[in-house]
Amino acid sequence: MLDISAPHSLFNAEAGSHPLPVDEREIAAVLRASRRCYQAQPYFLERYGERGEAFTRSDGGYLATLADHPQSHVDSQVIWLARILANRGIPRWLMEMHLDLLVTELTAAVPDRAAEYFKLHCAAQVLREERLAAISQSDFDALVAKFDSASGGGLKGAGALLVAAVCDEYCGLAEAVPSLVGWLGSPTRFSPKWCVAATDTLAQARRLAAQSRADAP
Amino acid sequence: MTAVLSAPPSIENACYREYLKALLEGDRPRCAEVVQEQLARGVSLKKVYLDLIQQAMYEVGTLWERNAVSIAAEHLASASTELLLAQIYPQIFAQPHKDRRAIIACVPRELHQIGARMVADFFELHGWHSFSLGANTPTAALVSMIRERDPDVVGLSMSLLFNRPHLEAMLDEISREFPTLELFLGGRAFTGDDAGRQAREELMQRYQKLVYFESLNELEDYLTNV
Ligand code: B12
């Protein structure tokens with residue numbers, strides 16, 4: 001773990017100065033995890049293009065370096081970064097996914113460090129638990145399926161992003177929904193049918209989250 | 001009743017809001033006016049630093065997190081704050097001085113220097129001679145400055161926990177070269193969450209001469225009692 005000022009394949013000038021991995025095997029694993037993120041979620045590239053790609057790589061690199069730190073530091077940095085991204089249209093569910101892919105790729109690349117990388121899994125678990133406290137996994141999946149059939153299709157994975165943003169809102173991130181829907185629910189980009197389905201999904205997800213709040217001890 | 005009447009004045013919320021608005025707009029003259037008005041009202045410099053200037057910078061950070069202000073606005077606020085501190089400095093420097101010296105520096109790679117600068121000013125306010133080396137101080141430069149100025153205290157500031165390896169390398173070198181020198185540590189990296197708390201505990205165990213200060217309040221206790 002080192003700060004990088006020389007050229008580095010994960011370096012992103014816009015992300016400023018932060019640590020990146022130096023082990024070539026880890027760098028390759030971070031790149032693979034980034035690619036799998038865009039493949040699973042075309043939203044990344046559709047909305048943010050090359051800039052999004054660069055941030056996914058540099059964020060992935062930073063997250064990989066956290067594995068050398070105590071769990072409390074990993075958790076606080078993951079929560080911090082996930083919060084920043086959620087306020088910019090990237091629900092924390094995507095951070096869960098990114099972390100899971102990083103753990104898989106890093107562990108395959110450097111099996112000796114599996115225990116270190118497992119810390120990233122634990123941090124993803126913290127985010128997952130917060131999300132599930134808002135909307136259970138079965139309700140989450142049901143809302144996504146409903147959106148997929150009502151919207152007439154379009155961008156793969158969009159339903160999950162909408163529901164995940166409502167979970168973030170429930171966790172106090174006021175910008176999570178507006179920063180996502182400004183793009184994902186925009187009539188200049190999507191059909192009227194899609195936009196109606198998006199509005200309905202948000203309303204239903206909010207009802208479920210409100211119910212969870214009412215039921216919370 | 002008398003105690004209530006003579007309680008030292010504080011920064012009022014409306015005044016804080018006005019300062020923050022001016023800071024975000026880049027209205028430096030207004031920021032400076034607000035600061036001078038508060039000092040003229042008898043608000044202590046510590047309160048102006050903590051409850052106005054620092055509070056506003058923390059809020060700028062929160063607004064940036066929420067995507068409510070741009071990176072450019074954050075840079076503008078930092079630049080204005082540094083200018084304000086420079087404007088206040090002559091008032092601080094007017095204090096009578098004693099034969100006590102402190103060097104304050106940010107660890108290598110650390111670019112957050114406003115806190116370190118406030119700390120240096122605070123030493124000055126308490127009659128010390130302070131030397132503020134600012135952001136990203138190279139260890140070799142700090143070591144030679146210590147040799148040259150023979151300080152009573154060296155204070156190190158760190159805002160980002162990922163700079164810890166640089167801090168430790170710096171502490172290793174200073175402790176080896178100057179084993180009896182008092183070392184102070186502070187900064188946002190160590191406040192707030194468990195990770196920061198754990199890091200500072202470990203560091204204080206490892207470096208015998210290292211003392212951690214949470215804020216200017218604890219530093220004031222030290223400076224008034226020393
Ligand atoms: C201004 C600012 C910047 C400016 C700094 C300009 C400057 N001239 O200093 C710039 C733009 C350079 C900057 C850069 C970055 N920043 Co910045 N920045 C801030 C911001 C908004 C305010 C900092 C500040 O001025 N605070 C006011 C001072 C007075 O407070 P303080 O530092 O805590 O100091 C007090 C005490 O801690 C104590 N103290 C401090 N040092 C010492 C030392 C001693 C000896 C003692 C006794 C006491 C003591 O006394 C001081 C006075 O009370 C904070 C937000 C925040 N909550 O802090 C983010 C923040 C610290 N930055 C952050 C980040 C991420 C970055 C960057 C990585 C962004 C990027 N991608 O480029 C870079 C990193 C640069 C680097 N390598 O250092 C994050 C850190 C989060 C994390 N990951 O932990 C924060 C929290 C923003 C956020 N909300 O997310 N930043």
# chains A, B, ... in the order shown; residues from 1 in each chain; ligands from 1
>>> interface_residues(of="chain A", to="chain B", cutoff="7 Å", atoms="only C-alpha atoms", output="compact mmCIF listing (two decimals) with N, CA and C atoms, in the first residue's frame")
# COMPACT_ATOMS: atom_id res chain seq x y z
N SER A 72 -12.48 -1.69 11.84
CA SER A 72 -13.21 -0.44 12.13
C SER A 72 -12.91 0.62 11.08
N HIS A 73 -11.67 0.66 10.62
CA HIS A 73 -11.29 1.64 9.60
C HIS A 73 -11.92 1.27 8.25
N ILE A 84 -21.09 9.13 0.02
CA ILE A 84 -20.78 10.15 -0.98
C ILE A 84 -21.35 9.75 -2.34
N ASN A 87 -25.20 9.95 -2.66
CA ASN A 87 -25.70 11.32 -2.87
C ASN A 87 -25.44 11.83 -4.28
N ARG A 88 -24.74 11.00 -5.08
CA ARG A 88 -24.43 11.40 -6.45
C ARG A 88 -25.02 10.43 -7.47
N GLU A 175 -30.41 12.83 -0.46
CA GLU A 175 -30.18 13.06 -1.89
C GLU A 175 -30.22 11.78 -2.71
>>> residues_near_ligand(ligand="ligand 1", cutoff="6 Å", atoms="only C-alpha atoms and all ligand atoms", output="ChimeraX atom specification")
/A:15-17,77 /B:50,54,57-58,60-62,65,75,78,109-116,118-119,155-157,159-160,184-188,213,215-216,219
>>> closest_atom_pairs(of="stretch 157-178 of chain A", to="stretch 44-61 of chain A", cutoff="12 Å", atoms="only C-alpha atoms", output="tab-separated table")
residue	atom	partner	partner_atom	distance
A:Gly157	CA	A:Phe44	CA	10.6
A:Ala158	CA	A:Phe44	CA	10.7
A:Leu161	CA	A:Phe44	CA	11.1
>>> residues_around(residues="A:Lys146", least_positions_apart="3", cutoff="9 Å", atoms="only C-alpha atoms", output="mmCIF file with C-alpha atoms, in the first residue's frame")
data_model
loop_
_atom_site.group_PDB
_atom_site.id
_atom_site.type_symbol
_atom_site.label_atom_id
_atom_site.label_comp_id
_atom_site.auth_asym_id
_atom_site.auth_seq_id
_atom_site.Cartn_x
_atom_site.Cartn_y
_atom_site.Cartn_z
ATOM 1 C CA ASP A 141 -36.918 -8.680 -5.363
ATOM 2 C CA ALA A 142 -40.688 -8.477 -5.783
ATOM 3 C CA LEU A 143 -40.542 -4.709 -6.437
ATOM 4 C CA SER A 149 -42.604 -5.998 -16.270
ATOM 5 C CA ALA A 150 -44.344 -2.600 -15.877
ATOM 6 C CA SER A 151 -41.561 -0.502 -17.394
ATOM 7 C CA GLY A 159 -35.497 -1.483 -10.837
ATOM 8 C CA ALA A 197 -43.307 2.550 -13.558
ATOM 9 C CA THR A 201 -41.843 1.696 -7.774
#
>>> select_by_dssp(residues="stretch 70-224 of chain B", states="alpha helix (DSSP H)", output="PyMOL selection string")
chain B and resi 71-93+114-125+139-149+164-177+194-206+216-224
>>> select_by_dssp(residues="chain A", states="strand (DSSP E)", output="list in words")
Leu2, Asp3, Pro19 and Leu20 of chain A
>>> closest_residue(among="A:Glu105, A:Glu129, A:Glu169, A:Glu116", to="A:Gln71", atoms="only C-alpha atoms")
A:Glu116
>>> closest_atom_pairs(of="stretch 117-176 of chain B", to="stretch 97-105 of chain B", cutoff="7 Å", atoms="only C-alpha atoms", output="tab-separated table")
residue	atom	partner	partner_atom	distance
B:Ala120	CA	B:Ile104	CA	6.0
B:Gly127	CA	B:His97	CA	4.2
B:Trp128	CA	B:Arg100	CA	5.0
B:His129	CA	B:Arg101	CA	4.7
B:Ser130	CA	B:Ala102	CA	4.7
B:Phe131	CA	B:Ile103	CA	4.7
B:Ser132	CA	B:Ile104	CA	4.8
B:Leu133	CA	B:Ala105	CA	4.9
B:Gly134	CA	B:Ala105	CA	5.4
B:Ala135	CA	B:Ala105	CA	6.9
B:Thr137	CA	B:Ala105	CA	6.2
B:Pro151	CA	B:Arg101	CA	4.7
B:Asp152	CA	B:Arg101	CA	5.4
B:Val153	CA	B:Ala102	CA	4.8
B:Val154	CA	B:Ile103	CA	4.8
B:Gly155	CA	B:Ile104	CA	4.6
B:Leu156	CA	B:Ala105	CA	5.1
B:Ser157	CA	B:Ala105	CA	6.2
>>> residues_around(residues="B:Tyr49", least_positions_apart="2", cutoff="12 Å", atoms="only C-alpha atoms", output="MDAnalysis selection string")
chainID B and resid 10:11 16 35 38:39 43:47 51:57 81:82 84:85 88:89 114:115 117:119 121:122 215:217
>>> atom_distance(atom1="atom CA of A:Ala28", atom2="atom CA of A:Tyr43")
22.9 Å
>>> atom_distance(atom1="atom CA of A:Cys122", atom2="atom CA of B:Phe190")
22.5 Å
>>> residues_around(residues="A:Ala165", least_positions_apart="3", cutoff="8 Å", atoms="only C-alpha atoms", output="ChimeraX atom specification")
/A:86,91-92,161-162,168-169,176-177,180
>>> atom_distance(atom1="atom CA of B:Phe93", atom2="atom CA of B:Glu37")
19.2 Å
>>> residues_around(residues="A:Leu202", least_positions_apart="4", cutoff="8 Å", atoms="only C-alpha atoms", output="PyMOL selection string")
chain A and resi 162-163+166+198+206
>>> write_last_selection(atoms="N, CA and C atoms", output="short mmCIF file (atom, residue, chain, number, x, y, z; two decimals), in the first residue's frame")
data_model
loop_
_atom_site.label_atom_id
_atom_site.label_comp_id
_atom_site.auth_asym_id
_atom_site.auth_seq_id
_atom_site.Cartn_x
_atom_site.Cartn_y
_atom_site.Cartn_z
N LEU A 162 -33.62 1.76 -8.18
CA LEU A 162 -34.68 2.59 -7.62
C LEU A 162 -35.01 2.16 -6.19
N VAL A 163 -35.18 0.86 -6.01
CA VAL A 163 -35.55 0.36 -4.68
C VAL A 163 -34.39 0.61 -3.70
N VAL A 166 -34.27 4.09 -2.38
CA VAL A 166 -35.26 4.34 -1.31
C VAL A 166 -34.71 3.81 0.03
N ALA A 198 -41.38 3.87 -12.87
CA ALA A 198 -40.34 4.30 -11.91
C ALA A 198 -41.01 5.03 -10.74
N ARG A 206 -41.23 3.29 -0.90
CA ARG A 206 -41.32 4.22 0.24
C ARG A 206 -42.36 3.76 1.24
#
